[in-house]
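Novice: Got work05.cif for you, mmCIF, C-alpha atoms (C1' of nucleotides):
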data_model
#
loop_
_atom_site.group_PDB
_atom_site.id
_atom_site.type_symbol
_atom_site.label_atom_id
_atom_site.label_comp_id
_atom_site.auth_asym_id
_atom_site.auth_seq_id
_atom_site.Cartn_x
_atom_site.Cartn_y
_atom_site.Cartn_z
ATOM 1 C CA MET A 1 -35.145 -16.680 0.547
ATOM 2 C CA ALA A 2 -33.481 -14.878 3.398
ATOM 3 C CA ALA A 3 -29.765 -14.428 2.765
ATOM 4 C CA LEU A 4 -27.319 -15.093 -0.019
ATOM 5 C CA THR A 5 -24.232 -17.248 0.113
ATOM 6 C CA ILE A 6 -20.943 -15.788 -0.927
ATOM 7 C CA ASN A 7 -21.094 -16.532 -4.630
ATOM 8 C CA GLU A 8 -24.623 -15.286 -4.938
ATOM 9 C CA ALA A 9 -23.693 -12.158 -3.058
ATOM 10 C CA ALA A 10 -20.719 -11.733 -5.342
ATOM 11 C CA GLU A 11 -22.932 -11.832 -8.375
ATOM 12 C CA THR A 12 -25.444 -9.280 -7.184
ATOM 13 C CA THR A 13 -22.857 -6.867 -5.871
ATOM 14 C CA GLY A 14 -20.219 -7.009 -8.546
ATOM 15 C CA TRP A 15 -17.447 -8.076 -6.206
ATOM 16 C CA SER A 16 -15.719 -11.412 -6.540
ATOM 17 C CA ALA A 17 -16.160 -13.985 -3.805
ATOM 18 C CA ARG A 18 -12.484 -13.604 -3.127
ATOM 19 C CA MET A 19 -12.888 -9.898 -2.507
ATOM 20 C CA LEU A 20 -15.881 -10.444 -0.274
ATOM 21 C CA ARG A 21 -13.658 -12.484 2.006
ATOM 22 C CA TYR A 22 -10.967 -9.868 1.798
ATOM 23 C CA ILE A 23 -13.421 -7.104 2.655
ATOM 24 C CA GLU A 24 -14.483 -9.136 5.628
ATOM 25 C CA ARG A 25 -10.940 -9.535 6.861
ATOM 26 C CA GLU A 26 -10.529 -5.785 6.572
ATOM 27 C CA GLY A 27 -13.406 -5.485 9.000
ATOM 28 C CA LEU A 28 -15.524 -3.553 6.530
ATOM 29 C CA ILE A 29 -18.444 -5.910 6.095
ATOM 30 C CA GLU A 30 -18.810 -8.969 8.261
ATOM 31 C CA PRO A 31 -21.710 -11.154 7.234
ATOM 32 C CA SER A 32 -23.348 -13.496 9.686
ATOM 33 C CA ARG A 33 -22.664 -17.191 9.433
ATOM 34 C CA SER A 34 -24.808 -20.244 9.111
ATOM 35 C CA ALA A 35 -24.464 -23.016 11.666
ATOM 36 C CA ALA A 36 -21.929 -24.687 9.400
ATOM 37 C CA GLY A 37 -19.925 -21.533 8.956
ATOM 38 C CA TYR A 38 -21.204 -20.385 5.575
ATOM 39 C CA ARG A 39 -21.240 -16.636 5.119
ATOM 40 C CA LEU A 40 -24.752 -15.258 4.825
ATOM 41 C CA TYR A 41 -25.245 -11.865 3.226
ATOM 42 C CA GLY A 42 -28.526 -10.178 4.117
ATOM 43 C CA PRO A 43 -30.079 -7.262 2.250
ATOM 44 C CA GLU A 44 -28.282 -4.774 4.404
ATOM 45 C CA GLU A 45 -24.881 -6.257 3.723
ATOM 46 C CA LEU A 46 -25.641 -6.443 0.026
ATOM 47 C CA GLN A 47 -26.581 -2.809 -0.009
ATOM 48 C CA ARG A 48 -23.432 -1.858 1.832
ATOM 49 C CA LEU A 49 -21.351 -3.842 -0.586
ATOM 50 C CA ARG A 50 -22.844 -1.943 -3.474
ATOM 51 C CA THR A 51 -22.423 1.455 -1.902
ATOM 52 C CA LEU A 52 -18.887 0.540 -0.934
ATOM 53 C CA ARG A 53 -18.138 -0.013 -4.585
ATOM 54 C CA GLU A 54 -19.511 3.363 -5.500
ATOM 55 C CA LEU A 55 -17.654 5.042 -2.695
ATOM 56 C CA LEU A 56 -14.347 3.624 -3.844
ATOM 57 C CA ALA A 57 -14.956 4.361 -7.491
ATOM 58 C CA GLU A 58 -16.238 7.882 -7.095
ATOM 59 C CA HIS A 59 -13.499 9.076 -4.817
ATOM 60 C CA GLU A 60 -10.557 6.962 -5.914
ATOM 61 C CA LEU A 61 -10.225 5.280 -2.554
ATOM 62 C CA SER A 62 -8.741 1.939 -1.615
ATOM 63 C CA LEU A 63 -10.232 -0.559 0.771
ATOM 64 C CA GLY A 64 -7.353 0.299 3.055
ATOM 65 C CA ASP A 65 -8.488 3.905 3.105
ATOM 66 C CA VAL A 66 -11.978 2.979 4.159
ATOM 67 C CA GLY A 67 -10.533 0.538 6.653
ATOM 68 C CA PHE A 68 -8.525 3.358 8.128
ATOM 69 C CA ALA A 69 -11.598 5.583 8.293
ATOM 70 C CA LEU A 70 -13.410 2.802 10.088
ATOM 71 C CA ARG A 71 -10.550 2.467 12.512
ATOM 72 C CA MET A 72 -10.690 6.181 13.220
ATOM 73 C CA SER A 73 -14.424 6.089 13.698
ATOM 74 C CA ARG A 74 -14.019 3.406 16.333
ATOM 75 C CA ASP A 75 -10.879 4.585 18.064
ATOM 76 C CA GLY A 76 -11.487 8.075 19.356
ATOM 77 C CA ASP A 77 -7.957 8.210 20.611
ATOM 78 C CA LEU A 78 -6.614 7.683 17.125
ATOM 79 C CA ARG A 79 -9.070 10.087 15.612
ATOM 80 C CA GLY A 80 -8.110 12.733 18.137
ATOM 81 C CA ALA A 81 -4.419 12.295 17.485
ATOM 82 C CA VAL A 82 -4.809 12.514 13.734
ATOM 83 C CA GLU A 83 -7.089 15.517 13.890
ATOM 84 C CA ALA A 84 -4.787 17.264 16.297
ATOM 85 C CA TRP A 85 -1.914 16.783 13.909
ATOM 86 C CA LEU A 86 -3.936 18.027 10.976
ATOM 87 C CA ALA A 87 -5.226 20.993 12.935
ATOM 88 C CA ALA A 88 -1.690 22.233 13.434
ATOM 89 C CA GLU A 89 -1.338 22.696 9.711
ATOM 90 C CA PRO A 90 0.438 25.938 9.043
ATOM 91 C CA LYS A 91 -1.777 28.028 6.812
ATOM 92 C CA ARG A 92 0.338 30.798 5.520
ATOM 93 C CA PRO A 93 -1.738 33.759 4.407
ATOM 94 C CA GLU A 94 -1.621 34.532 0.720
ATOM 95 C CA GLY A 95 0.085 37.608 -0.598
ATOM 96 C CA VAL A 96 2.878 37.371 1.930
ATOM 97 C CA ALA A 97 6.263 36.526 0.532
ATOM 98 C CA ALA A 98 7.570 33.230 1.805
ATOM 99 C CA SER A 99 10.699 34.737 3.260
ATOM 100 C CA ASP A 100 8.791 37.415 5.132
ATOM 101 C CA TRP A 101 6.322 34.904 6.401
ATOM 102 C CA LEU A 102 9.189 32.789 7.540
ATOM 103 C CA ARG A 103 10.670 35.512 9.663
ATOM 104 C CA PHE A 104 7.295 36.312 11.082
ATOM 105 C CA GLU A 105 6.659 32.725 12.074
ATOM 106 C CA GLN A 106 10.170 32.569 13.346
ATOM 107 C CA GLN A 107 9.612 35.284 15.879
ATOM 108 C CA LYS A 108 6.179 34.061 16.716
ATOM 109 C CA HIS A 109 7.509 30.693 17.709
ATOM 110 C CA GLU A 110 10.916 31.546 19.010
ATOM 111 C CA ARG A 111 9.821 31.272 22.584
ATOM 112 C CA LEU A 112 8.133 27.929 22.127
ATOM 113 C CA LEU A 113 11.215 26.473 20.579
ATOM 114 C CA ALA A 114 13.649 27.802 23.132
ATOM 115 C CA GLY A 115 14.172 24.289 24.416
ATOM 116 C CA ALA A 116 14.431 22.502 21.099
ATOM 117 C CA SER A 117 17.802 20.815 20.668
ATOM 118 C CA LYS A 118 19.680 22.137 17.685
ATOM 119 C CA ALA A 119 21.893 19.182 16.890
ATOM 120 C CA ALA A 120 24.822 19.998 14.630
ATOM 121 C CA MET B 121 19.556 31.462 11.529
ATOM 122 C CA ALA B 122 16.012 31.298 10.242
ATOM 123 C CA ALA B 123 15.296 27.982 8.545
ATOM 124 C CA LEU B 124 17.064 24.712 7.997
ATOM 125 C CA THR B 125 17.942 23.099 4.704
ATOM 126 C CA ILE B 126 16.837 19.586 4.034
ATOM 127 C CA ASN B 127 19.775 17.726 5.505
ATOM 128 C CA GLU B 128 19.770 19.825 8.623
ATOM 129 C CA ALA B 129 16.062 19.296 8.991
ATOM 130 C CA ALA B 130 16.575 15.590 8.512
ATOM 131 C CA GLU B 131 19.048 15.473 11.332
ATOM 132 C CA THR B 132 16.915 17.297 13.859
ATOM 133 C CA THR B 133 13.748 15.420 13.033
ATOM 134 C CA GLY B 134 15.004 11.892 12.607
ATOM 135 C CA TRP B 135 13.736 11.522 9.068
ATOM 136 C CA SER B 136 16.075 11.040 6.149
ATOM 137 C CA ALA B 137 16.329 13.749 3.530
ATOM 138 C CA ARG B 138 14.841 11.258 1.113
ATOM 139 C CA MET B 139 11.779 10.839 3.299
ATOM 140 C CA LEU B 140 11.394 14.553 3.742
ATOM 141 C CA ARG B 141 10.985 14.856 0.001
ATOM 142 C CA TYR B 142 8.622 11.913 -0.009
ATOM 143 C CA ILE B 143 6.526 13.450 2.750
ATOM 144 C CA GLU B 144 6.355 16.611 0.747
ATOM 145 C CA ARG B 145 5.117 14.792 -2.313
ATOM 146 C CA GLU B 146 2.427 13.212 -0.191
ATOM 147 C CA GLY B 147 1.290 16.728 0.600
ATOM 148 C CA LEU B 148 1.859 16.276 4.299
ATOM 149 C CA ILE B 149 4.508 18.901 4.941
ATOM 150 C CA GLU B 150 5.481 21.370 2.257
ATOM 151 C CA PRO B 151 8.349 23.582 3.254
ATOM 152 C CA SER B 152 8.837 26.966 1.666
ATOM 153 C CA ARG B 153 11.592 27.414 -0.858
ATOM 154 C CA SER B 154 14.496 29.754 -1.196
ATOM 155 C CA ALA B 155 14.833 31.819 -4.344
ATOM 156 C CA ALA B 156 17.035 29.111 -5.793
ATOM 157 C CA GLY B 157 14.567 26.391 -4.947
ATOM 158 C CA TYR B 158 16.133 25.010 -1.782
ATOM 159 C CA ARG B 159 13.657 23.648 0.726
ATOM 160 C CA LEU B 160 13.550 25.684 3.901
ATOM 161 C CA TYR B 161 12.171 24.107 7.025
ATOM 162 C CA GLY B 162 11.016 26.571 9.647
ATOM 163 C CA PRO B 163 10.371 25.767 13.299
ATOM 164 C CA GLU B 164 6.772 24.949 12.621
ATOM 165 C CA GLU B 165 7.596 22.429 9.943
ATOM 166 C CA LEU B 166 10.252 20.876 12.114
ATOM 167 C CA GLN B 167 7.790 20.462 14.910
ATOM 168 C CA ARG B 168 5.244 18.914 12.604
ATOM 169 C CA LEU B 169 7.824 16.515 11.291
ATOM 170 C CA ARG B 170 8.575 15.351 14.793
ATOM 171 C CA THR B 171 4.967 14.968 15.798
ATOM 172 C CA LEU B 172 4.268 13.171 12.550
ATOM 173 C CA ARG B 173 6.831 10.599 13.550
ATOM 174 C CA GLU B 174 5.185 10.079 16.892
ATOM 175 C CA LEU B 175 1.768 9.885 15.350
ATOM 176 C CA LEU B 176 2.823 7.142 12.977
ATOM 177 C CA ALA B 177 4.704 5.189 15.583
ATOM 178 C CA GLU B 178 2.111 5.354 18.327
ATOM 179 C CA HIS B 179 -0.821 4.344 16.207
ATOM 180 C CA GLU B 180 0.771 2.113 13.603
ATOM 181 C CA LEU B 181 -0.183 4.390 10.744
ATOM 182 C CA SER B 182 1.339 4.782 7.332
ATOM 183 C CA LEU B 183 2.034 8.048 5.598
ATOM 184 C CA GLY B 184 -0.721 7.090 3.210
ATOM 185 C CA ASP B 185 -3.167 6.920 6.092
ATOM 186 C CA VAL B 186 -2.325 10.413 7.208
ATOM 187 C CA GLY B 187 -2.420 11.547 3.613
ATOM 188 C CA PHE B 188 -5.921 10.163 3.342
ATOM 189 C CA ALA B 189 -6.974 11.894 6.553
ATOM 190 C CA LEU B 190 -5.617 15.120 5.144
ATOM 191 C CA ARG B 191 -7.558 14.584 1.967
ATOM 192 C CA MET B 192 -10.729 14.047 3.959
ATOM 193 C CA SER B 193 -10.100 17.129 6.027
ATOM 194 C CA ARG B 194 -9.874 19.203 2.876
ATOM 195 C CA ASP B 195 -12.565 17.582 0.780
ATOM 196 C CA GLY B 196 -15.822 17.800 2.681
ATOM 197 C CA ASP B 197 -17.532 15.904 -0.086
ATOM 198 C CA LEU B 198 -15.245 12.967 0.424
ATOM 199 C CA ARG B 199 -15.499 13.169 4.167
ATOM 200 C CA GLY B 200 -19.280 13.208 3.958
ATOM 201 C CA ALA B 201 -19.389 10.209 1.656
ATOM 202 C CA VAL B 202 -17.091 8.160 3.845
ATOM 203 C CA GLU B 203 -18.887 9.067 7.031
ATOM 204 C CA ALA B 204 -22.233 8.328 5.468
ATOM 205 C CA TRP B 205 -21.044 4.894 4.506
ATOM 206 C CA LEU B 206 -19.641 4.232 7.947
ATOM 207 C CA ALA B 207 -22.790 5.502 9.619
ATOM 208 C CA ALA B 208 -24.842 2.845 7.868
ATOM 209 C CA GLU B 209 -22.944 0.161 9.705
ATOM 210 C CA PRO B 210 -25.372 -2.512 10.805
ATOM 211 C CA LYS B 211 -25.055 -2.920 14.536
ATOM 212 C CA ARG B 212 -26.826 -6.079 15.416
ATOM 213 C CA PRO B 213 -27.873 -6.176 19.069
ATOM 214 C CA GLU B 214 -26.171 -8.807 21.165
ATOM 215 C CA GLY B 215 -28.051 -11.786 22.521
ATOM 216 C CA VAL B 216 -30.077 -12.144 19.355
ATOM 217 C CA ALA B 217 -29.363 -15.216 17.289
ATOM 218 C CA ALA B 218 -27.975 -14.345 13.903
ATOM 219 C CA SER B 219 -30.695 -16.136 12.020
ATOM 220 C CA ASP B 220 -33.457 -14.400 13.967
ATOM 221 C CA TRP B 221 -31.789 -11.086 13.521
ATOM 222 C CA LEU B 222 -31.528 -11.780 9.874
ATOM 223 C CA ARG B 223 -35.247 -12.317 9.484
ATOM 224 C CA PHE B 224 -35.934 -9.231 11.511
ATOM 225 C CA GLU B 225 -33.698 -7.091 9.369
ATOM 226 C CA GLN B 226 -35.190 -8.748 6.376
ATOM 227 C CA GLN B 227 -38.668 -7.502 7.160
ATOM 228 C CA LYS B 228 -37.446 -4.178 8.384
ATOM 229 C CA HIS B 229 -35.826 -3.442 5.065
ATOM 230 C CA GLU B 230 -38.051 -5.287 2.685
ATOM 231 C CA ARG B 231 -39.766 -2.148 1.577
ATOM 232 C CA LEU B 232 -36.555 -0.241 1.007
ATOM 233 C CA LEU B 233 -35.194 -2.989 -1.129
ATOM 234 C CA ALA B 234 -38.308 -3.504 -3.170
ATOM 235 C CA GLY B 235 -36.625 -1.964 -6.160
ATOM 236 C CA ALA B 236 -33.257 -3.680 -5.856
ATOM 237 C CA SER B 237 -32.494 -5.769 -8.919
ATOM 238 C CA LYS B 238 -32.039 -9.430 -8.067
ATOM 239 C CA ALA B 239 -29.787 -10.530 -10.886
ATOM 240 C CA ALA B 240 -29.716 -14.277 -11.469
ATOM 241 C "C1'" DA C 241 37.106 28.304 -8.209
ATOM 242 C "C1'" DA C 242 36.640 24.413 -5.423
ATOM 243 C "C1'" DA C 243 34.275 22.082 -1.709
ATOM 244 C "C1'" DA C 244 30.075 21.258 0.052
ATOM 245 C "C1'" DC C 245 25.677 21.840 -0.432
ATOM 246 C "C1'" DC C 246 20.963 21.657 -2.969
ATOM 247 C "C1'" DT C 247 17.654 20.036 -6.971
ATOM 248 C "C1'" DT C 248 15.204 16.625 -9.864
ATOM 249 C "C1'" DG C 249 15.146 12.176 -11.938
ATOM 250 C "C1'" DA C 250 16.162 7.465 -12.209
ATOM 251 C "C1'" DC C 251 17.204 2.581 -10.810
ATOM 252 C "C1'" DA C 252 16.693 -0.727 -7.145
ATOM 253 C "C1'" DC C 253 14.698 -3.511 -3.733
ATOM 254 C "C1'" DA C 254 12.140 -5.485 0.222
ATOM 255 C "C1'" DA C 255 7.810 -5.532 2.112
ATOM 256 C "C1'" DC C 256 3.171 -5.198 1.583
ATOM 257 C "C1'" DC C 257 -1.611 -4.839 -0.900
ATOM 258 C "C1'" DT C 258 -4.919 -6.546 -4.118
ATOM 259 C "C1'" DT C 259 -6.592 -10.352 -6.633
ATOM 260 C "C1'" DG C 260 -6.838 -14.640 -8.597
ATOM 261 C "C1'" DG C 261 -6.198 -19.519 -8.366
ATOM 262 C "C1'" DT C 262 -5.979 -24.130 -6.450
ATOM 263 C "C1'" DA C 263 -6.122 -27.845 -2.992
ATOM 264 C "C1'" DA C 264 -8.068 -30.524 0.884
ATOM 265 C "C1'" DG C 265 -11.936 -31.055 3.214
ATOM 266 C "C1'" DG C 266 -16.944 -30.126 5.280
ATOM 267 C "C1'" DT C 267 -22.173 -29.167 3.861
ATOM 268 C "C1'" DT C 268 -26.339 -29.415 1.322
ATOM 269 C "C1'" DG C 269 -29.909 -30.740 -1.667
ATOM 270 C "C1'" DG C 270 -31.803 -33.767 -4.995
ATOM 271 C "C1'" DC D 271 -24.420 -40.616 -2.261
ATOM 272 C "C1'" DC D 272 -22.969 -37.409 -5.511
ATOM 273 C "C1'" DA D 273 -22.710 -32.910 -7.636
ATOM 274 C "C1'" DA D 274 -22.369 -28.458 -6.391
ATOM 275 C "C1'" DC D 275 -21.523 -25.586 -3.133
ATOM 276 C "C1'" DC D 276 -18.924 -23.651 1.116
ATOM 277 C "C1'" DT D 277 -14.581 -23.186 4.233
ATOM 278 C "C1'" DT D 278 -9.670 -22.253 5.267
ATOM 279 C "C1'" DA D 279 -4.925 -22.137 3.816
ATOM 280 C "C1'" DC D 280 -1.593 -21.606 0.757
ATOM 281 C "C1'" DC D 281 1.103 -19.842 -3.875
ATOM 282 C "C1'" DA D 282 1.607 -16.197 -7.062
ATOM 283 C "C1'" DA D 283 1.593 -12.115 -10.204
ATOM 284 C "C1'" DG D 284 1.361 -7.263 -10.521
ATOM 285 C "C1'" DG D 285 1.033 -2.796 -8.276
ATOM 286 C "C1'" DT D 286 2.255 0.423 -4.363
ATOM 287 C "C1'" DT D 287 5.029 2.030 -0.362
ATOM 288 C "C1'" DG D 288 9.080 3.180 1.906
ATOM 289 C "C1'" DT D 289 13.790 3.797 1.498
ATOM 290 C "C1'" DG D 290 18.586 4.073 -0.298
ATOM 291 C "C1'" DT D 291 21.758 5.496 -3.685
ATOM 292 C "C1'" DC D 292 23.652 7.578 -7.677
ATOM 293 C "C1'" DA D 293 24.022 10.986 -11.638
ATOM 294 C "C1'" DA D 294 23.907 15.488 -13.851
ATOM 295 C "C1'" DG D 295 23.577 19.873 -12.887
ATOM 296 C "C1'" DG D 296 22.674 24.575 -10.146
ATOM 297 C "C1'" DT D 297 24.049 27.350 -5.565
ATOM 298 C "C1'" DT D 298 26.586 28.908 -1.552
ATOM 299 C "C1'" DT D 299 30.511 29.584 0.966
ATOM 300 C "C1'" DT D 300 34.917 30.109 1.806
#
As structure tokens - that is how I would like this structure written.
Specialist:
Amino acid sequence: MAALTINEAAETTGWSARMLRYIEREGLIEPSRSAAGYRLYGPEELQRLRTLRELLAEHELSLGDVGFALRMSRDGDLRGAVEAWLAAEPKRPEGVAASDWLRFEQQKHERLLAGASKAA
Amino acid sequence: MAALTINEAAETTGWSARMLRYIEREGLIEPSRSAAGYRLYGPEELQRLRTLRELLAEHELSLGDVGFALRMSRDGDLRGAVEAWLAAEPKRPEGVAASDWLRFEQQKHERLLAGASKAA
DNA sequence: AAAACCTTGACACAACCTTGGTAAGGTTGG
DNA sequence: CCAACCTTACCAAGGTTGTGTCAAGGTTTT
């Protein structure tokens, strides 16, 4: 037999049929369809469903998280924007008192912020 | 003046003070503290707060999404696992009927799946 | 020392996410 | 042709997110 229908796939993967549909709507795993519209899960999809389970369990992720990762992997624009934001993370060196660091950063960035509006 | 307190920061960034605390708990932006424990937002934090707003608005993200991206950027293990899962995405070539493709994939992966348990 | 801040913690609530169920109807196999 | 499956579309309960507000108490400023 070639591919499993949704309930069979559910049984071998540990997901419920309901969740298989949900996962599909999230864009994570989209099985092919029979002529009549039945979902058909091939070996590859089944494997991905199993590894998806492990991934979520081992790293405490949600389907939404993986969906977001997928979105980033497809939308380079998004990925770039997110990474740019993360890259700007201020890493304050250890052993420097917060207040001192603050003044240091202050001076370092004073010029850049010259135009920033200081609303009351 | 060096750094802004939470309400001042809220006003210049467009967030509410409440959200600033929430963002901090999410690990996204953690301001330094005064001796008495007051949050102190320096220019860098203020800038990040503003760009965070843009990021969310322009790409329809949630704070949780950015939090997850941050987590991935810090935990290479996690990042690797997610990317590995995404990389295995089955990209079926266009112009090939689903059923044919299915049989093709079937044979292609038969060996790999030899050991997969086929629960009833 | 009083006004005007800040802190954490709690209660609240709408909107959404995750899951399950159920109903009305098409498909398939014996 | 009938039982056993599949499909979509809804309703719903319980958890999470995003946000406000209020209380009890410390801090800063005048």
Novice: Could you expand the PyMOL selection byres ((chain B) within 9 of (chain C)) into the explicit residues it covers here, written as a VMD selection string?
Specialist: chain B and resid 125 to 126 156 to 159
Novice: Of the candidates D:DA294, D:DT299, D:DC271, D:DT287, which one gets nearest to chain B if we count only C-alpha atoms (C1' of nucleotides)?
Specialist: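 Closest candidate: D:DT287.
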Novice: Find the nearest atom pair between each residue of chain D and chain B for residues within 9 Å, count all atoms listed in the file, give distances in Å to one decimal, sort rows by chain and ascending number, and present the table as JSON lines.
Specialist:
{"residue": "D:DT287", "atom": "C1'", "partner": "B:Gly184", "partner_atom": "CA", "distance": 8.5}
{"residue": "D:DG288", "atom": "C1'", "partner": "B:Met139", "partner_atom": "CA", "distance": 8.2}
{"residue": "D:DT289", "atom": "C1'", "partner": "B:Met139", "partner_atom": "CA", "distance": 7.5}
{"residue": "D:DG290", "atom": "C1'", "partner": "B:Arg138", "partner_atom": "CA", "distance": 8.2}
{"residue": "D:DG296", "atom": "C1'", "partner": "B:Ala156", "partner_atom": "CA", "distance": 8.4}
{"residue": "D:DT297", "atom": "C1'", "partner": "B:Ala156", "partner_atom": "CA", "distance": 7.2}
Novice: How would the residues just chosen look if you wrote them out with C-alpha atoms (C1' of nucleotides) as a PDB file, keeping the file's coordinate frame?
Specialist:
ATOM      1  C1'  DT D 287       5.029   2.030  -0.362  1.00  0.00           C
ATOM      2  C1'  DG D 288       9.080   3.180   1.906  1.00  0.00           C
ATOM      3  C1'  DT D 289      13.790   3.797   1.498  1.00  0.00           C
ATOM      4  C1'  DG D 290      18.586   4.073  -0.298  1.00  0.00           C
ATOM      5  C1'  DG D 296      22.674  24.575 -10.146  1.00  0.00           C
ATOM      6  C1'  DT D 297      24.049  27.350  -5.565  1.00  0.00           C
TER       7       DT D 297
END
Novice: Just the residues within 8 Å of range 79-86 of chain A, please, counting only C-alpha atoms (C1' of nucleotides), with nothing from its chain fewer than 5 positions along; format it as JSON, numbers by chain.
Specialist: {"A": [72, 73], "B": [168, 171, 172, 175, 186, 189, 190, 193]}
Novice: Calculate how many Å separate CA of Glu44 in chain A from C1' of DA274 in chain D, rounding to one decimal.
Specialist: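 Rounded to one decimal, the two atoms are 26.7 Å apart.
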Novice: Enclose the full set of atoms of range 253-261 of chain C listed in the file within a box whose edges lie along x, y and z, apply 6 Å of padding to each of the six sides, and report centre and edge lengths in Å to one decimal as AutoDock Vina command-line options.
Specialist:
--center_x 3.9 --center_y -11.5 --center_z -3.2 --size_x 33.5 --size_y 28.0 --size_z 22.7
Novice: Provide the CA of Arg21 in chain A to CA of Leu181 in chain B distance in Å, to one decimal place.
Specialist: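 Atom-to-atom, CA of Arg21 in chain A and CA of Leu181 in chain B are spaced 23.3 Å apart.
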Novice: What is the distance, in Å and to one decimal place, between C1' of DT300 in chain D and CA of Tyr161 in chain B?
Specialist: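 Here the two named atoms are 24.1 Å from each other.
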Novice: Rank A:Ala3, A:Glu60, A:Glu54, A:Phe68 by their smallest atom-to-atom distance to Leu28 in chain A, using all atoms listed in the file, and report the top residue only.
Specialist: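 Looking only at the distances to Leu28 in chain A, the closest residue turns out to be A:Phe68.
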Novice: Given only C-alpha atoms as the basis, pick out the residue of B:Leu124, B:Ala177, B:Thr132, B:Arg194 nearest to chain A.
Specialist: B:Thr132
